[in-house]
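What follows is one structure encoded as structure tokens, with my remarks underneath.
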Amino acid sequence: MSARPQLVRPDDAAIAAAMSRALTALALVILALGDGEHTVNLVAERTDDTCVRGQADLSVGTGPVRLSVLDEDDYAVLRTLLVFALEGSTVRSAVLVATTAAEPRPRACGWTVRGGWLHPMDPAELRQAVPLCPGVPAVRREIYRAPALPQPHDSDEETRHG
């Protein structure tokens, strides 16, 4: 008998609603980050006492609009983890951190998952929540407050998705 709690699969409607929010959230994060090379990490503590992590490298341009994903599988894992983090029944806590490769110094911001959405973290919260790039020699980063992402209203989603 395992001492680790078991995960209970959320129902299909909850997953579908979280998928819609995750796709909206990722689009808003990408727009908020703007032009550049970005690494997006999601770290989640599941209800079965395990931690999971996803990471995707993105290249974003706005003139003309373009999004390049370095590894589609990595992006799919990140997106899936975000769905379950936003759905909430199998994830205790989660943090999404975006690092932008900028010269002369990279910069980073993050969002925490609460109430089915991404909420901006201020620099002190981000430093406390997760170490940036564990195992990698320290790189000086400008850490800034993540921008607030407009939260979709459930009635808007129901109207769009029938």
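Note on naming: chains are A, B, ... as they come in the structure tokens, residues start from 1 per chain, ligands start from 1 in the order shown.
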Residues of range 28-111 of chain A that have any atom at most 8 Å from an atom of range 5-22 of chain A: could you tabulate them with the shortest-distance atom pair and the distance in Å to one decimal, using only C-alpha atoms, ordered by chain and increasing number, as a tab-separated table?
residue	atom	partner	partner_atom	distance
A:Thr47	CA	A:Leu7	CA	6.6
A:Asp48	CA	A:Pro5	CA	4.6
A:Asp49	CA	A:Pro5	CA	7.2
A:Arg79	CA	A:Ala22	CA	7.0
A:Leu82	CA	A:Ala22	CA	6.1
A:Val83	CA	A:Met19	CA	5.2
A:Phe84	CA	A:Ala18	CA	7.2
A:Leu86	CA	A:Ala18	CA	5.7
A:Glu87	CA	A:Ala18	CA	5.1
A:Ser89	CA	A:Pro10	CA	6.6
A:Thr90	CA	A:Leu7	CA	6.1
So that I have them on file, write out the residues from the current selection with N, CA and C atoms, as a tab-separated table (two decimals), in the first residue's frame.
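Output contents, as saved in out05.tsv:
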chain	number	residue	atom	x	y	z
A	47	THR	N	-1.15	16.96	-6.00
A	47	THR	CA	-1.78	16.51	-4.76
A	47	THR	C	-1.28	15.15	-4.31
A	48	ASP	N	-0.51	14.45	-5.15
A	48	ASP	CA	0.09	13.17	-4.73
A	48	ASP	C	1.50	13.37	-4.20
A	49	ASP	N	1.83	14.62	-3.84
A	49	ASP	CA	3.12	14.99	-3.24
A	49	ASP	C	4.31	14.89	-4.20
A	79	ARG	N	2.00	23.02	-21.94
A	79	ARG	CA	0.58	23.35	-22.11
A	79	ARG	C	-0.30	22.39	-21.31
A	82	LEU	N	-0.06	23.15	-17.65
A	82	LEU	CA	-0.81	24.36	-17.34
A	82	LEU	C	-2.31	24.07	-17.26
A	83	VAL	N	-2.81	23.22	-18.15
A	83	VAL	CA	-4.22	22.84	-18.10
A	83	VAL	C	-4.56	22.26	-16.73
A	84	PHE	N	-3.77	21.29	-16.28
A	84	PHE	CA	-4.06	20.65	-15.00
A	84	PHE	C	-3.83	21.60	-13.82
A	86	LEU	N	-4.37	24.88	-13.92
A	86	LEU	CA	-5.52	25.78	-13.91
A	86	LEU	C	-6.80	25.06	-13.49
A	87	GLU	N	-6.92	23.79	-13.83
A	87	GLU	CA	-8.09	23.01	-13.43
A	87	GLU	C	-8.10	22.85	-11.91
A	89	SER	N	-7.74	20.43	-9.49
A	89	SER	CA	-8.07	19.33	-8.58
A	89	SER	C	-6.90	18.38	-8.34
A	90	THR	N	-5.90	18.38	-9.21
A	90	THR	CA	-4.76	17.48	-9.03
A	90	THR	C	-3.46	18.23	-8.72
As a PyMOL selection string, please: all residues of chain A that backbone DSSP puts in strand (DSSP E or B). chain A and resi 36-46+51-62+65-69+91-101+107-114+117-120+142-143
Give one line per residue of range 56-149 of chain A that approaches range 24-44 of chain A to at most 9 Å, naming the two atoms of the closest pair and their distance in Å to one decimal, counting only C-alpha atoms; sort by chain then ascending residue number and deliver it as JSON lines.
{"residue": "A:Ala56", "atom": "CA", "partner": "A:Val40", "partner_atom": "CA", "distance": 5.4}
{"residue": "A:Asp57", "atom": "CA", "partner": "A:Thr39", "partner_atom": "CA", "distance": 4.4}
{"residue": "A:Leu58", "atom": "CA", "partner": "A:His38", "partner_atom": "CA", "distance": 5.1}
{"residue": "A:Ser59", "atom": "CA", "partner": "A:Glu37", "partner_atom": "CA", "distance": 4.5}
{"residue": "A:Val60", "atom": "CA", "partner": "A:Asp35", "partner_atom": "CA", "distance": 4.9}
{"residue": "A:Gly61", "atom": "CA", "partner": "A:Asp35", "partner_atom": "CA", "distance": 4.6}
{"residue": "A:Thr62", "atom": "CA", "partner": "A:Asp35", "partner_atom": "CA", "distance": 6.2}
{"residue": "A:Gly63", "atom": "CA", "partner": "A:Asp35", "partner_atom": "CA", "distance": 8.8}
{"residue": "A:Leu67", "atom": "CA", "partner": "A:Ile30", "partner_atom": "CA", "distance": 8.6}
{"residue": "A:Leu78", "atom": "CA", "partner": "A:Leu42", "partner_atom": "CA", "distance": 6.6}
{"residue": "A:Arg79", "atom": "CA", "partner": "A:Leu26", "partner_atom": "CA", "distance": 8.0}
{"residue": "A:Leu81", "atom": "CA", "partner": "A:Leu42", "partner_atom": "CA", "distance": 7.4}
{"residue": "A:Leu82", "atom": "CA", "partner": "A:Leu42", "partner_atom": "CA", "distance": 7.3}
{"residue": "A:Ala85", "atom": "CA", "partner": "A:Ala44", "partner_atom": "CA", "distance": 7.1}
{"residue": "A:Val91", "atom": "CA", "partner": "A:Ala44", "partner_atom": "CA", "distance": 6.6}
{"residue": "A:Arg92", "atom": "CA", "partner": "A:Ala44", "partner_atom": "CA", "distance": 7.5}
{"residue": "A:Ser93", "atom": "CA", "partner": "A:Ala44", "partner_atom": "CA", "distance": 5.7}
{"residue": "A:Ala94", "atom": "CA", "partner": "A:Ala44", "partner_atom": "CA", "distance": 4.1}
{"residue": "A:Val95", "atom": "CA", "partner": "A:Val43", "partner_atom": "CA", "distance": 5.5}
{"residue": "A:Leu96", "atom": "CA", "partner": "A:Leu42", "partner_atom": "CA", "distance": 4.4}
{"residue": "A:Val97", "atom": "CA", "partner": "A:Asn41", "partner_atom": "CA", "distance": 5.2}
{"residue": "A:Ala98", "atom": "CA", "partner": "A:Val40", "partner_atom": "CA", "distance": 4.4}
{"residue": "A:Thr99", "atom": "CA", "partner": "A:Thr39", "partner_atom": "CA", "distance": 5.2}
{"residue": "A:Thr100", "atom": "CA", "partner": "A:His38", "partner_atom": "CA", "distance": 4.4}
{"residue": "A:Ala101", "atom": "CA", "partner": "A:Glu37", "partner_atom": "CA", "distance": 5.5}
{"residue": "A:Ala102", "atom": "CA", "partner": "A:Gly36", "partner_atom": "CA", "distance": 7.6}
{"residue": "A:Trp117", "atom": "CA", "partner": "A:Ala25", "partner_atom": "CA", "distance": 7.7}
{"residue": "A:Leu118", "atom": "CA", "partner": "A:Ala25", "partner_atom": "CA", "distance": 7.2}
{"residue": "A:Val130", "atom": "CA", "partner": "A:Val43", "partner_atom": "CA", "distance": 8.2}
{"residue": "A:Ala146", "atom": "CA", "partner": "A:Ala32", "partner_atom": "CA", "distance": 8.6}
{"residue": "A:Pro147", "atom": "CA", "partner": "A:Ala32", "partner_atom": "CA", "distance": 6.8}
{"residue": "A:Ala148", "atom": "CA", "partner": "A:Ala32", "partner_atom": "CA", "distance": 8.9}
{"residue": "A:Leu149", "atom": "CA", "partner": "A:Leu28", "partner_atom": "CA", "distance": 6.4}
Same residues, N, CA and C atoms, output as a compact mmCIF listing (two decimals), in the first residue's frame:
# COMPACT_ATOMS: atom_id res chain seq x y z
N ALA A 56 9.50 25.28 -22.11
CA ALA A 56 9.46 25.47 -23.55
C ALA A 56 10.24 26.73 -23.91
N ASP A 57 10.98 26.66 -25.00
CA ASP A 57 11.72 27.81 -25.52
C ASP A 57 10.94 28.37 -26.70
N LEU A 58 10.70 29.69 -26.65
CA LEU A 58 9.89 30.37 -27.65
C LEU A 58 10.65 31.54 -28.25
N SER A 59 10.39 31.80 -29.52
CA SER A 59 10.88 33.00 -30.16
C SER A 59 9.66 33.75 -30.67
N VAL A 60 9.52 35.01 -30.22
CA VAL A 60 8.33 35.79 -30.51
C VAL A 60 8.72 37.04 -31.29
N GLY A 61 7.94 37.36 -32.29
CA GLY A 61 8.10 38.60 -33.04
C GLY A 61 6.74 39.22 -33.25
N THR A 62 6.68 40.54 -33.28
CA THR A 62 5.39 41.21 -33.46
C THR A 62 5.30 42.00 -34.76
N GLY A 63 6.34 42.05 -35.52
CA GLY A 63 6.27 42.79 -36.77
C GLY A 63 7.01 42.07 -37.88
N LEU A 67 5.42 33.22 -33.96
CA LEU A 67 5.78 32.46 -32.77
C LEU A 67 6.47 31.20 -33.25
N LEU A 78 4.33 21.49 -21.48
CA LEU A 78 4.07 22.72 -20.72
C LEU A 78 2.59 23.07 -20.76
N ARG A 79 2.00 23.02 -21.94
CA ARG A 79 0.58 23.35 -22.11
C ARG A 79 -0.30 22.39 -21.31
N LEU A 81 0.56 20.61 -18.62
CA LEU A 81 0.72 20.89 -17.19
C LEU A 81 -0.06 22.14 -16.78
N LEU A 82 -0.06 23.15 -17.65
CA LEU A 82 -0.81 24.36 -17.34
C LEU A 82 -2.31 24.07 -17.26
N ALA A 85 -2.87 22.50 -13.94
CA ALA A 85 -2.66 23.49 -12.87
C ALA A 85 -3.86 24.43 -12.77
N VAL A 91 -3.54 19.55 -8.61
CA VAL A 91 -2.35 20.38 -8.37
C VAL A 91 -2.58 21.27 -7.16
N ARG A 92 -1.65 21.20 -6.21
CA ARG A 92 -1.72 22.01 -4.99
C ARG A 92 -1.28 23.45 -5.25
N SER A 93 -0.15 23.60 -5.96
CA SER A 93 0.37 24.93 -6.26
C SER A 93 1.18 24.86 -7.55
N ALA A 94 1.25 25.99 -8.23
CA ALA A 94 2.02 26.03 -9.48
C ALA A 94 2.48 27.46 -9.74
N VAL A 95 3.66 27.54 -10.37
CA VAL A 95 4.26 28.83 -10.73
C VAL A 95 4.73 28.73 -12.17
N LEU A 96 4.41 29.76 -12.96
CA LEU A 96 4.88 29.88 -14.34
C LEU A 96 5.90 31.00 -14.37
N VAL A 97 7.12 30.70 -14.82
CA VAL A 97 8.20 31.68 -14.85
C VAL A 97 8.66 31.86 -16.29
N ALA A 98 8.78 33.10 -16.72
CA ALA A 98 9.27 33.40 -18.06
C ALA A 98 10.59 34.16 -17.95
N THR A 99 11.60 33.65 -18.63
CA THR A 99 12.90 34.31 -18.68
C THR A 99 13.13 34.76 -20.12
N THR A 100 13.51 36.01 -20.29
CA THR A 100 13.76 36.57 -21.61
C THR A 100 15.26 36.79 -21.76
N ALA A 101 15.79 36.27 -22.86
CA ALA A 101 17.22 36.47 -23.15
C ALA A 101 17.37 37.88 -23.71
N ALA A 102 17.85 38.78 -22.89
CA ALA A 102 18.01 40.17 -23.30
C ALA A 102 19.41 40.62 -22.96
N TRP A 117 -6.53 30.65 -12.56
CA TRP A 117 -5.95 31.66 -13.47
C TRP A 117 -4.53 32.01 -13.02
N LEU A 118 -3.79 32.69 -13.89
CA LEU A 118 -2.43 33.15 -13.60
C LEU A 118 -2.48 34.55 -13.01
N VAL A 130 10.49 30.00 -6.42
CA VAL A 130 11.31 29.00 -7.12
C VAL A 130 12.68 29.60 -7.42
N ALA A 146 5.41 40.59 -12.95
CA ALA A 146 4.74 40.12 -14.17
C ALA A 146 3.51 40.98 -14.44
N PRO A 147 3.21 41.18 -15.70
CA PRO A 147 2.00 41.94 -16.01
C PRO A 147 0.74 41.14 -15.66
N ALA A 148 -0.31 41.84 -15.26
CA ALA A 148 -1.59 41.19 -15.00
C ALA A 148 -2.18 40.74 -16.33
N LEU A 149 -2.76 39.58 -16.33
CA LEU A 149 -3.39 39.03 -17.53
C LEU A 149 -4.90 39.13 -17.35
Can you tell me, as a ChimeraX atom specification, which residues in range 64-158 of chain A count as alpha helix (DSSP H) by DSSP? /A:72-87,123-129,154-158
